[in-house]
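**Student:** What follows is my_file-v1.txt; its format and atoms are compact mmCIF, C-alpha atoms.
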# COMPACT_ATOMS: atom_id res chain seq x y z
CA MET A 300 40.55 -95.06 -21.37
CA ALA A 301 36.85 -95.72 -21.75
CA VAL A 302 33.80 -94.85 -19.71
CA ASN A 303 31.47 -97.69 -18.86
CA GLU A 304 28.18 -95.83 -18.65
CA SER A 305 26.15 -98.73 -17.19
CA GLU A 306 28.48 -99.27 -14.22
CA ARG A 307 29.61 -95.61 -14.12
CA SER A 308 33.27 -96.60 -13.85
CA PHE A 309 36.40 -96.09 -15.88
CA GLN A 310 38.26 -98.87 -17.64
CA HIS A 311 41.84 -98.74 -18.76
CA PRO A 312 44.12 -101.55 -20.06
CA LEU A 313 46.72 -100.46 -17.51
CA TYR A 314 44.33 -101.33 -14.65
CA GLU A 315 43.99 -104.93 -15.80
CA VAL A 316 47.79 -105.35 -15.80
CA LEU A 317 48.18 -103.76 -12.38
CA GLU A 318 45.35 -105.79 -10.80
CA ARG A 319 47.16 -109.07 -11.58
CA PHE A 320 50.04 -108.27 -9.23
CA PRO A 321 49.34 -108.25 -5.48
CA GLY A 322 50.24 -105.05 -3.71
CA LEU A 323 49.81 -102.84 -6.73
CA ASP A 324 46.18 -101.86 -5.94
CA LEU A 325 47.50 -98.86 -4.07
CA ALA A 326 49.44 -97.80 -7.15
CA THR A 327 46.26 -98.12 -9.23
CA THR A 328 44.44 -95.79 -6.86
CA GLN A 329 47.25 -93.30 -6.90
CA VAL A 330 47.46 -93.35 -10.70
CA ASP A 331 43.72 -92.81 -10.85
CA LYS A 332 44.00 -89.82 -8.53
CA LEU A 333 46.79 -88.42 -10.67
CA LEU A 334 44.73 -88.83 -13.82
CA THR A 335 41.73 -87.16 -12.18
CA TRP A 336 43.89 -84.26 -11.09
CA GLY A 337 45.24 -83.97 -14.60
CA ALA A 338 41.83 -84.13 -16.24
CA ASN A 339 40.43 -81.54 -13.87
CA ASN A 340 43.20 -79.04 -14.41
CA SER A 341 43.42 -79.23 -18.16
CA GLN A 342 39.86 -78.59 -19.26
CA TRP A 343 40.56 -77.15 -22.66
CA ILE A 344 37.68 -75.08 -23.94
CA PHE A 345 36.16 -74.93 -27.38
CA PRO A 346 34.29 -71.60 -27.44
CA MET A 347 31.05 -71.82 -29.44
CA ALA A 348 30.59 -68.06 -29.04
CA THR A 349 27.85 -66.87 -31.37
CA SER A 350 26.86 -63.55 -29.81
CA CYS A 351 27.26 -61.21 -26.82
CA CYS A 352 27.97 -63.96 -24.24
CA GLY A 353 31.17 -64.51 -26.21
CA ILE A 354 32.37 -61.07 -25.07
CA GLU A 355 31.94 -62.11 -21.42
CA PHE A 356 33.74 -65.34 -22.25
CA MET A 357 36.66 -63.29 -23.58
CA ALA A 358 36.60 -61.23 -20.38
CA ALA A 359 36.76 -64.47 -18.38
CA ALA A 360 39.79 -65.56 -20.38
CA ALA A 361 41.50 -62.18 -19.80
CA SER A 362 43.69 -61.33 -16.85
CA LEU A 363 41.13 -60.28 -14.21
CA VAL A 364 39.41 -63.65 -13.81
CA ASP A 365 41.79 -65.68 -15.95
CA LEU A 366 40.49 -69.14 -16.80
CA ASP A 367 44.08 -70.11 -17.49
CA ARG A 368 44.65 -70.37 -13.71
CA MET A 369 42.79 -73.69 -13.75
CA GLY A 370 44.49 -74.86 -16.92
CA SER A 371 41.63 -73.99 -19.24
CA ILE A 372 43.13 -72.92 -22.52
CA THR A 373 40.92 -71.85 -25.39
CA ARG A 374 41.48 -73.97 -28.47
CA GLY A 375 40.37 -73.22 -32.00
CA THR A 376 39.60 -76.80 -32.93
CA PRO A 377 37.14 -79.24 -31.34
CA ARG A 378 39.58 -82.12 -31.75
CA GLN A 379 41.84 -80.77 -29.00
CA SER A 380 39.10 -79.70 -26.59
CA ASP A 381 37.33 -81.21 -23.58
CA VAL A 382 34.62 -78.63 -22.86
CA MET A 383 32.34 -76.90 -25.32
CA VAL A 384 31.08 -73.56 -24.00
CA VAL A 385 27.95 -72.64 -25.97
CA ALA A 386 27.74 -68.88 -25.51
CA GLY A 387 24.97 -67.23 -27.45
CA THR A 388 21.81 -67.69 -29.47
CA ILE A 389 21.79 -70.82 -31.62
CA THR A 390 19.78 -70.54 -34.81
CA VAL A 391 18.16 -73.30 -36.81
CA LYS A 392 20.96 -73.05 -39.33
CA MET A 393 23.70 -73.09 -36.68
CA ALA A 394 22.38 -76.03 -34.62
CA PRO A 395 23.47 -78.83 -37.03
CA ARG A 396 26.89 -77.20 -37.28
CA VAL A 397 27.19 -77.12 -33.47
CA LYS A 398 26.19 -80.78 -33.35
CA ARG A 399 28.80 -81.63 -35.96
CA LEU A 400 31.55 -79.86 -34.00
CA TRP A 401 30.37 -81.59 -30.80
CA ASP A 402 30.64 -84.96 -32.55
CA GLN A 403 34.23 -84.16 -33.48
CA MET A 404 35.30 -83.69 -29.84
CA PRO A 405 37.04 -86.71 -28.28
CA GLU A 406 35.54 -88.49 -25.27
CA PRO A 407 35.30 -87.70 -22.39
CA LYS A 408 33.68 -84.36 -23.21
CA TRP A 409 31.48 -81.87 -21.42
CA CYS A 410 29.20 -79.04 -22.44
CA ILE A 411 28.43 -75.76 -20.70
CA ALA A 412 25.37 -73.74 -21.74
CA MET A 413 26.30 -70.14 -20.97
CA GLY A 414 23.61 -67.48 -20.91
CA SER A 415 19.85 -67.61 -21.18
CA CYS A 416 19.81 -67.83 -25.00
CA ALA A 417 21.88 -71.01 -25.02
CA ILE A 418 19.78 -72.42 -22.15
CA SER A 419 16.28 -71.77 -23.46
CA GLY A 420 16.38 -69.29 -26.34
CA ASP A 421 15.07 -66.65 -23.91
CA PHE A 422 13.08 -63.95 -25.70
CA TYR A 423 14.13 -65.27 -29.11
CA ARG A 424 12.67 -68.69 -28.47
CA ASP A 425 9.48 -68.17 -30.48
CA ILE A 426 11.16 -66.65 -33.51
CA TYR A 427 11.09 -68.77 -36.64
CA SER A 428 14.88 -69.06 -36.87
CA VAL A 429 15.95 -69.83 -33.25
CA ILE A 430 16.00 -73.17 -31.44
CA PRO A 431 14.67 -73.23 -27.84
CA GLY A 432 17.93 -74.04 -26.07
CA ILE A 433 21.03 -75.95 -27.10
CA ASP A 434 20.00 -79.00 -25.04
CA VAL A 435 17.62 -80.05 -27.79
CA ALA A 436 20.72 -80.74 -29.89
CA ILE A 437 23.53 -81.80 -27.51
CA PRO A 438 23.59 -82.87 -23.84
CA VAL A 439 24.45 -80.11 -21.38
CA ASP A 440 26.33 -80.71 -18.10
CA VAL A 441 26.37 -77.24 -16.53
CA TYR A 442 23.87 -74.42 -17.02
CA ILE A 443 25.05 -70.86 -16.28
CA PRO A 444 22.02 -68.52 -16.28
CA GLY A 445 22.42 -64.82 -16.94
CA CYS A 446 22.06 -62.34 -19.75
CA PRO A 447 24.98 -62.43 -20.09
CA PRO A 448 26.55 -64.12 -17.03
CA ASN A 449 29.58 -62.24 -15.78
CA PRO A 450 33.05 -63.82 -15.85
CA GLU A 451 32.86 -64.82 -12.17
CA GLN A 452 29.72 -66.85 -12.90
CA LEU A 453 31.50 -68.62 -15.73
CA MET A 454 34.39 -69.37 -13.37
CA ALA A 455 31.92 -70.75 -10.80
CA GLY A 456 30.41 -72.90 -13.55
CA MET A 457 33.84 -74.27 -14.42
CA LEU A 458 34.38 -75.15 -10.74
CA ARG A 459 30.97 -76.92 -10.70
CA LEU A 460 32.10 -78.84 -13.76
CA GLN A 461 35.29 -79.86 -11.93
CA GLU A 462 33.19 -81.36 -9.13
CA LYS A 463 31.15 -83.29 -11.66
CA VAL A 464 34.32 -84.60 -13.29
CA ASN A 465 35.64 -85.65 -9.88
CA LEU A 466 32.47 -87.59 -9.10
CA LYS A 467 32.30 -89.19 -12.51
CA ARG A 468 35.92 -90.34 -12.44
CA ALA A 469 35.43 -91.76 -8.95
CA GLY A 470 32.55 -93.84 -10.34
CA LEU A 471 29.97 -91.94 -8.27
CA TRP A 472 26.62 -90.64 -9.37
CA SER A 473 26.30 -86.90 -9.78
CA PRO A 474 22.86 -85.33 -9.95
CA PRO A 475 22.08 -84.00 -13.42
CA GLU A 476 21.55 -80.26 -13.50
CA THR A 477 18.04 -79.09 -14.21
CA ARG A 478 17.45 -76.49 -16.83
CA PRO A 479 16.78 -73.18 -15.05
CA GLU A 480 13.54 -71.70 -16.34
CA THR A 481 12.54 -68.25 -15.26
CA PRO A 482 8.84 -67.30 -15.15
CA LYS A 483 9.53 -64.88 -17.99
CA THR A 484 10.47 -67.60 -20.43
CA ILE A 485 7.55 -69.86 -19.42
CA GLU A 486 4.86 -67.16 -19.51
CA PRO A 487 5.97 -64.29 -21.74
CA ALA A 488 4.67 -60.83 -20.93
CA ILE A 489 3.69 -60.23 -24.55
CA LYS A 490 1.38 -63.03 -25.60
CA ARG A 491 2.59 -64.98 -28.60
CA LEU A 492 0.39 -65.56 -31.62
CA LEU A 493 -0.16 -69.20 -30.68
CA HIS A 494 -1.01 -68.42 -27.05
CA GLN A 495 -4.36 -69.71 -25.80
CA GLY A 496 -5.27 -66.62 -23.85
CA ARG A 497 -4.88 -64.30 -26.80
CA ASP A 498 -7.94 -62.71 -28.41
CA ARG A 499 -8.00 -63.52 -32.12
CA ARG A 500 -10.18 -60.50 -32.90
CA ILE A 501 -7.56 -58.12 -31.52
CA ASP A 502 -4.92 -59.87 -33.64
CA ALA A 503 -7.05 -59.50 -36.75
CA ALA A 504 -7.68 -55.84 -35.99
CA GLN A 505 -3.98 -55.21 -35.47
CA ILE A 506 -3.09 -56.92 -38.74
CA ASP A 507 -5.78 -54.97 -40.59
CA GLN A 508 -4.47 -51.77 -39.09
CA ALA A 509 -0.89 -52.58 -40.06
CA LEU A 510 -1.85 -53.46 -43.62
CA SER A 511 -4.09 -50.49 -44.27
CA LEU A 512 -1.18 -48.12 -43.40
CA GLU A 513 -3.48 -45.67 -41.63
CA LEU A 514 -5.31 -45.58 -38.32
CA PRO A 515 -8.92 -46.64 -38.86
CA VAL A 516 -11.42 -47.03 -36.04
CA VAL A 517 -12.16 -50.74 -35.79
CA ASP A 518 -15.57 -51.60 -34.37
CA LEU A 519 -14.94 -54.56 -32.12
CA PRO A 520 -17.81 -56.50 -30.60
CA PRO A 521 -17.67 -56.18 -26.80
CA LEU A 522 -15.32 -58.62 -25.11
CA PRO A 523 -16.90 -61.28 -22.88
CA GLU A 524 -16.98 -60.34 -19.22
CA PRO A 525 -14.11 -61.97 -17.31
CA ALA A 526 -15.21 -64.44 -14.68
CA PRO A 527 -15.13 -62.79 -11.20
CA GLU A 528 -12.30 -64.03 -9.05
CA LYS A 529 -13.49 -65.94 -6.02
CA GLY A 530 -10.73 -64.71 -3.76
CA GLU A 531 -11.81 -61.07 -3.91
CA ASP A 532 -15.49 -61.68 -3.12
CA GLU A 533 -14.93 -63.70 0.01
CA MET B 229 38.40 -27.89 -53.71
CA THR B 230 37.21 -28.40 -50.16
CA PRO B 231 35.36 -31.57 -49.23
CA ALA B 232 32.05 -29.66 -48.99
CA GLU B 233 32.49 -28.26 -52.48
CA GLU B 234 33.46 -31.67 -53.79
CA ASN B 235 30.30 -33.15 -52.28
CA ALA B 236 28.11 -30.39 -53.79
CA ALA B 237 29.66 -30.91 -57.22
CA ARG B 238 29.00 -34.65 -56.98
CA GLU B 239 25.39 -34.00 -56.05
CA GLN B 240 24.99 -31.73 -59.10
CA ALA B 241 26.55 -34.36 -61.36
CA PHE B 242 24.26 -37.07 -59.95
CA ARG B 243 21.11 -34.97 -60.50
CA ARG B 244 22.08 -34.08 -64.07
CA LEU B 245 22.93 -37.68 -64.89
CA LEU B 246 19.53 -38.86 -63.66
CA ARG B 247 17.53 -36.15 -65.43
CA GLU B 248 19.36 -36.13 -68.76
CA ARG B 249 20.02 -39.80 -69.36
CA PHE B 250 17.70 -41.87 -67.18
CA GLY B 251 14.32 -40.26 -67.60
CA VAL B 252 13.79 -38.83 -64.11
CA GLU B 253 11.30 -35.99 -64.18
CA GLY B 254 12.10 -32.46 -63.02
CA GLU B 255 14.50 -29.60 -63.64
CA ALA B 256 18.11 -30.65 -64.21
CA ASP B 257 19.40 -29.04 -60.98
CA ALA B 258 16.31 -29.40 -58.79
CA PRO B 259 16.86 -31.34 -55.55
CA LEU B 260 15.91 -35.00 -55.46
CA PRO B 261 13.11 -36.30 -53.22
CA ASP B 262 14.12 -37.11 -49.66
CA ASP B 263 13.01 -40.73 -49.79
CA GLY B 264 15.19 -41.56 -52.80
CA VAL B 265 14.63 -41.23 -56.50
CA VAL B 266 12.71 -43.95 -58.35
CA VAL B 267 14.45 -45.21 -61.50
CA ASP B 268 12.94 -47.40 -64.16
CA ARG B 269 13.92 -51.06 -64.04
CA ALA B 270 15.40 -50.95 -67.57
CA HIS B 271 17.90 -48.25 -66.51
CA HIS B 272 19.14 -50.02 -63.36
CA VAL B 273 22.36 -51.55 -64.68
CA ASP B 274 23.14 -48.64 -67.01
CA LEU B 275 22.85 -46.17 -64.13
CA ALA B 276 25.16 -48.30 -61.96
CA LYS B 277 27.71 -48.53 -64.80
CA ALA B 278 27.58 -44.79 -65.43
CA LEU B 279 28.02 -43.99 -61.75
CA HIS B 280 30.89 -46.48 -61.44
CA LYS B 281 32.63 -44.80 -64.36
CA ALA B 282 32.01 -41.34 -62.86
CA GLY B 283 33.65 -42.17 -59.51
CA TRP B 284 31.01 -43.85 -57.30
CA GLN B 285 33.15 -46.96 -56.84
CA LEU B 286 32.04 -48.20 -53.42
CA TYR B 287 29.01 -50.48 -53.38
CA VAL B 288 27.50 -49.93 -49.93
CA THR B 289 24.32 -51.99 -49.83
CA CYS B 290 21.10 -52.94 -51.46
CA ALA B 291 17.88 -53.37 -49.51
CA ALA B 292 14.66 -54.91 -50.74
CA THR B 293 11.25 -54.18 -49.21
CA HIS B 294 7.99 -56.02 -49.61
CA PHE B 295 4.75 -54.05 -49.83
CA PRO B 296 1.61 -56.19 -49.43
CA ALA B 297 -1.59 -55.51 -51.35
CA VAL B 298 -3.51 -52.66 -49.68
CA PRO B 299 -7.30 -52.49 -50.09
CA GLY B 300 -8.74 -49.10 -50.98
CA LYS B 301 -10.13 -46.79 -48.30
CA LYS B 302 -13.68 -47.09 -49.67
CA PRO B 303 -15.15 -50.29 -51.11
CA THR B 304 -15.25 -48.66 -54.54
CA ASP B 305 -11.54 -47.80 -54.56
CA ALA B 306 -9.10 -50.03 -56.40
CA THR B 307 -6.73 -52.26 -54.47
CA THR B 308 -3.08 -51.28 -54.55
CA PRO B 309 -1.29 -54.38 -55.86
CA GLU B 310 1.49 -56.18 -54.03
CA CYS B 311 4.95 -54.94 -55.05
CA PHE B 312 8.63 -54.89 -54.14
CA GLU B 313 11.20 -52.11 -53.97
CA VAL B 314 14.96 -52.52 -54.17
CA ALA B 315 17.11 -49.62 -53.00
CA THR B 316 20.76 -49.43 -54.02
CA VAL B 317 23.39 -47.26 -52.32
CA LEU B 318 26.75 -46.26 -53.83
CA ARG B 319 29.43 -43.93 -52.49
CA THR B 320 32.50 -42.14 -53.72
CA VAL B 321 35.77 -42.74 -51.93
CA GLY B 322 37.79 -39.99 -50.29
CA PRO B 323 37.10 -36.61 -48.63
CA GLY B 324 33.70 -35.08 -49.38
CA SER B 325 32.28 -38.52 -50.00
CA HIS B 326 28.92 -38.45 -51.76
CA THR B 327 26.16 -41.03 -51.42
CA ALA B 328 24.09 -41.92 -54.46
CA ARG B 329 20.92 -43.90 -53.85
CA TRP B 330 17.96 -44.87 -55.94
CA ARG B 331 15.02 -47.23 -55.84
CA VAL B 332 13.56 -49.61 -58.39
CA LYS B 333 9.95 -50.75 -58.16
CA LEU B 334 9.12 -54.33 -59.10
CA ALA B 335 5.80 -56.06 -59.58
CA VAL B 336 5.26 -59.60 -58.28
CA GLY B 337 7.23 -62.11 -60.35
CA GLU B 338 9.41 -59.43 -61.92
CA SER B 339 13.18 -59.88 -61.58
CA LEU B 340 15.91 -57.26 -61.34
CA PRO B 341 19.12 -57.42 -63.43
CA THR B 342 22.07 -58.17 -61.21
CA LEU B 343 24.88 -55.69 -60.45
CA VAL B 344 27.56 -58.35 -59.86
CA PRO B 345 29.30 -57.73 -63.24
CA VAL B 346 29.72 -54.05 -62.22
CA PHE B 347 30.39 -54.44 -58.47
CA VAL B 348 31.73 -57.76 -57.18
CA GLY B 349 30.61 -56.77 -53.68
CA ALA B 350 26.99 -57.01 -54.74
CA ASP B 351 27.21 -60.80 -54.72
CA TRP B 352 26.30 -61.59 -51.11
CA GLN B 353 24.12 -58.51 -50.68
CA GLU B 354 21.86 -59.70 -53.46
CA ARG B 355 21.91 -63.25 -52.14
CA GLU B 356 20.73 -61.93 -48.78
CA GLN B 357 17.83 -60.00 -50.34
CA PHE B 358 16.89 -63.05 -52.40
CA ASP B 359 16.92 -65.19 -49.26
CA LEU B 360 14.96 -62.95 -46.91
CA VAL B 361 12.61 -61.03 -49.22
CA GLY B 362 12.48 -63.24 -52.29
CA VAL B 363 13.49 -60.80 -55.02
CA HIS B 364 14.99 -62.66 -57.98
CA PHE B 365 18.19 -61.15 -59.40
CA GLU B 366 18.50 -61.99 -63.06
CA GLY B 367 21.94 -63.18 -64.16
CA HIS B 368 23.36 -63.58 -60.65
CA PRO B 369 26.19 -66.14 -60.77
CA ASP B 370 25.34 -67.92 -57.51
CA LEU B 371 21.83 -67.16 -56.30
CA ARG B 372 21.47 -69.42 -53.24
CA ARG B 373 20.17 -68.83 -49.73
CA LEU B 374 22.63 -67.01 -47.48
CA MET B 375 21.07 -66.62 -44.01
CA MET B 376 18.44 -69.33 -43.74
CA PRO B 377 19.06 -73.11 -44.03
CA GLU B 378 19.26 -74.43 -47.55
CA ASP B 379 15.95 -76.30 -47.37
CA TRP B 380 13.98 -73.42 -45.86
CA GLU B 381 10.61 -72.60 -47.39
CA GLY B 382 9.38 -69.04 -47.74
CA HIS B 383 11.00 -65.66 -47.30
CA PRO B 384 10.91 -64.45 -43.67
CA LEU B 385 11.07 -60.67 -44.18
CA ARG B 386 7.93 -60.52 -46.29
CA ARG B 387 5.08 -58.73 -44.54
CA ASP B 388 2.74 -61.69 -44.81
CA TYR B 389 5.19 -64.16 -43.20
CA ALA B 390 3.75 -65.02 -39.79
CA ILE B 391 6.19 -64.99 -36.86
CA ASP B 392 4.97 -68.41 -35.70
CA THR B 393 5.43 -70.19 -39.02
CA PRO B 394 6.15 -73.79 -38.04
CA HIS B 395 9.53 -75.27 -38.89
CA ALA B 396 11.48 -78.36 -37.96
CA PRO B 397 12.93 -77.86 -34.44
CA TRP B 398 16.46 -78.27 -35.72
CA ARG B 399 18.09 -80.21 -38.48
Is it possible to give me this structure as structure tokens?
**Tutor:**
Amino acid sequence: MAVNESERSFQHPLYEVLERFPGLDLATTQVDKLLTWGANNSQWIFPMATSCCGIEFMAAAASLVDLDRMGSITRGTPRQSDVMVVAGTITVKMAPRVKRLWDQMPEPKWCIAMGSCAISGDFYRDIYSVIPGIDVAIPVDVYIPGCPPNPEQLMAGMLRLQEKVNLKRAGLWSPPETRPETPKTIEPAIKRLLHQGRDRRIDAAQIDQALSLELPVVDLPPLPEPAPEKGEDE
Amino acid sequence: MTPAEENAAREQAFRRLLRERFGVEGEADAPLPDDGVVVDRAHHVDLAKALHKAGWQLYVTCAATHFPAVPGKKPTDATTPECFEVATVLRTVGPGSHTARWRVKLAVGESLPTLVPVFVGADWQEREQFDLVGVHFEGHPDLRRLMMPEDWEGHPLRRDYAIDTPHAPWR
């Protein structure tokens, strides 16, 4: 079976045989429905669990929520899996390894980014060793925000993925999910070193203070007066 | 011998060993400084071998620290040069376990003899310190990067390594 991306339809050698005989179109439809049902209820998971989201993933696989109810078994090899659940922070060293495992998964395959670190890197995103979200390396179908998301949210994400699979197998267009960005990740509370609004003199004073290993009094020139806000005056 | 007595006897033995054979100053039974005793670089491997023979057979960890150059308080004062410190921690096994720890000071460009021939467990610990702090371990069988990617430049846990050092997004 192959996916024709340009026409968003599925091709199978069996279809061509069945379409030659009149009256067998109905059987084709029924076989397609059966295959969709089978694909939806055997989403085997490859857990790319690198940190604490992996614990919630284990809780989702345990008896309270039980991913096994929808036929999702956790496999230890990417070659037997349909869904890769990226749960945790991905570092610069780990990203090529994740990509390599993703390339080993057979088509059709899907990816779930679980937790804010896998989505955007969250508060680790500016560190030298962390990539800002797994979607710079592999395409993501379903985003599950949370830090970490609880097992019910992962279950809801799997159900969203089932709907996407249904639409895709029916040859219909499904809207791509947008990457959820919270205001915290766009505008961090603590200004980063590269941030425009950060005063370089305060940085230099802090570095001096840290290096001199004591607490000197640094004579700073007075800061420029902030521009008065128009909304308050009127 | 109770565990507490065992521990006290080990502590006595450790102090005497340091004072009598490895040139640490002070009375033979006087307590060691709280922040760890500083041993000369030439005695590092010999001390580890002696402790291993005397019963400290568990290699716990080693930790390297980078100290940047500090300018003097007044303009006339001399600048404290940049240096490194490597702390090593060993333990005895069993009840009344005793922890032996010491530090070695290194100047820039100075390497430390490896402890891998004495403790096999030192292998990855020393690789980690080489990777993150940049201390070179002389005679290490396999001194490669452990945490960072193989083609990484610089040592991230040095004090002068900026947090926003640019790197390739992912490789």
**Student:** Go through A:Arg500, A:Arg368, A:Lys463, A:Lys392 and flag the residue nearest Glu378 of chain B, using only C-alpha atoms for the distances.
**Tutor:**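 That would be A:Lys392, the residue with the smallest distance to Glu378 of chain B.
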**Student:** With only C-alpha atoms as the atoms that count, which of B:Thr293, B:Phe312, B:Arg269, B:Gly324 lies nearest to Met229 of chain B?
**Tutor:**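 Using only C-alpha atoms, the shortest distance to Met229 of chain B belongs to B:Gly324.
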**Student:** When you look at Met376 of chain B with a cut-off of 10 Å (counting all atoms listed in the file), what residues show up, excluding the ones that are within fewer than 6 positions of it in the same chain? I need them as a list of chain:residue names.
**Tutor:**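 The contact residues come out as A:Thr390, A:Val391, A:Lys392, A:Met393, A:Ser428, B:Glu356, B:Asp359, B:Leu360, B:Gly382, B:His383, B:Pro384.
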**Student:** Interatomic distance between atom CA of Asp425 of chain A and atom CA of Glu313 of chain B?
**Tutor:** 28.5 Å
**Student:** Which is closer to chain B than all the others in A:Pro431, A:Pro321, A:Pro438, A:Pro479, using all atoms listed in the file?
**Tutor:**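 Answer, going by the shortest atom-to-atom distance: A:Pro431.
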**Student:** Pick from B:Arg331, B:Arg247, B:Lys277, B:Lys301: nearest to chain A, with all atoms listed in the file counted?
**Tutor:**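 For chain A, the nearest of the given residues is B:Lys301.
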**Student:** Can you pull out every residue within 10 Å of Tyr423 of chain A, counting all atoms listed in the file, but drop anything in the same chain fewer than 6 positions away, and send it as a list in words?
**Tutor:**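 Final neighbour list, sorted by chain and number: Thr388, Ile389, Thr390, Cys416, Val429, Ile430, Pro431 and Thr484 of chain A.
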**Student:** How many Å lie between atom CA of Gln285 of chain B and atom CA of Ser325 of chain B, rounded to one decimal?
**Tutor:**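 So the answer is 10.9 Å.
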**Student:** If I take atom CA of Ile418 of chain A and atom CA of Ala394 of chain A, how far is one from the other in Å, to one decimal?
**Tutor:** 13.2 Å
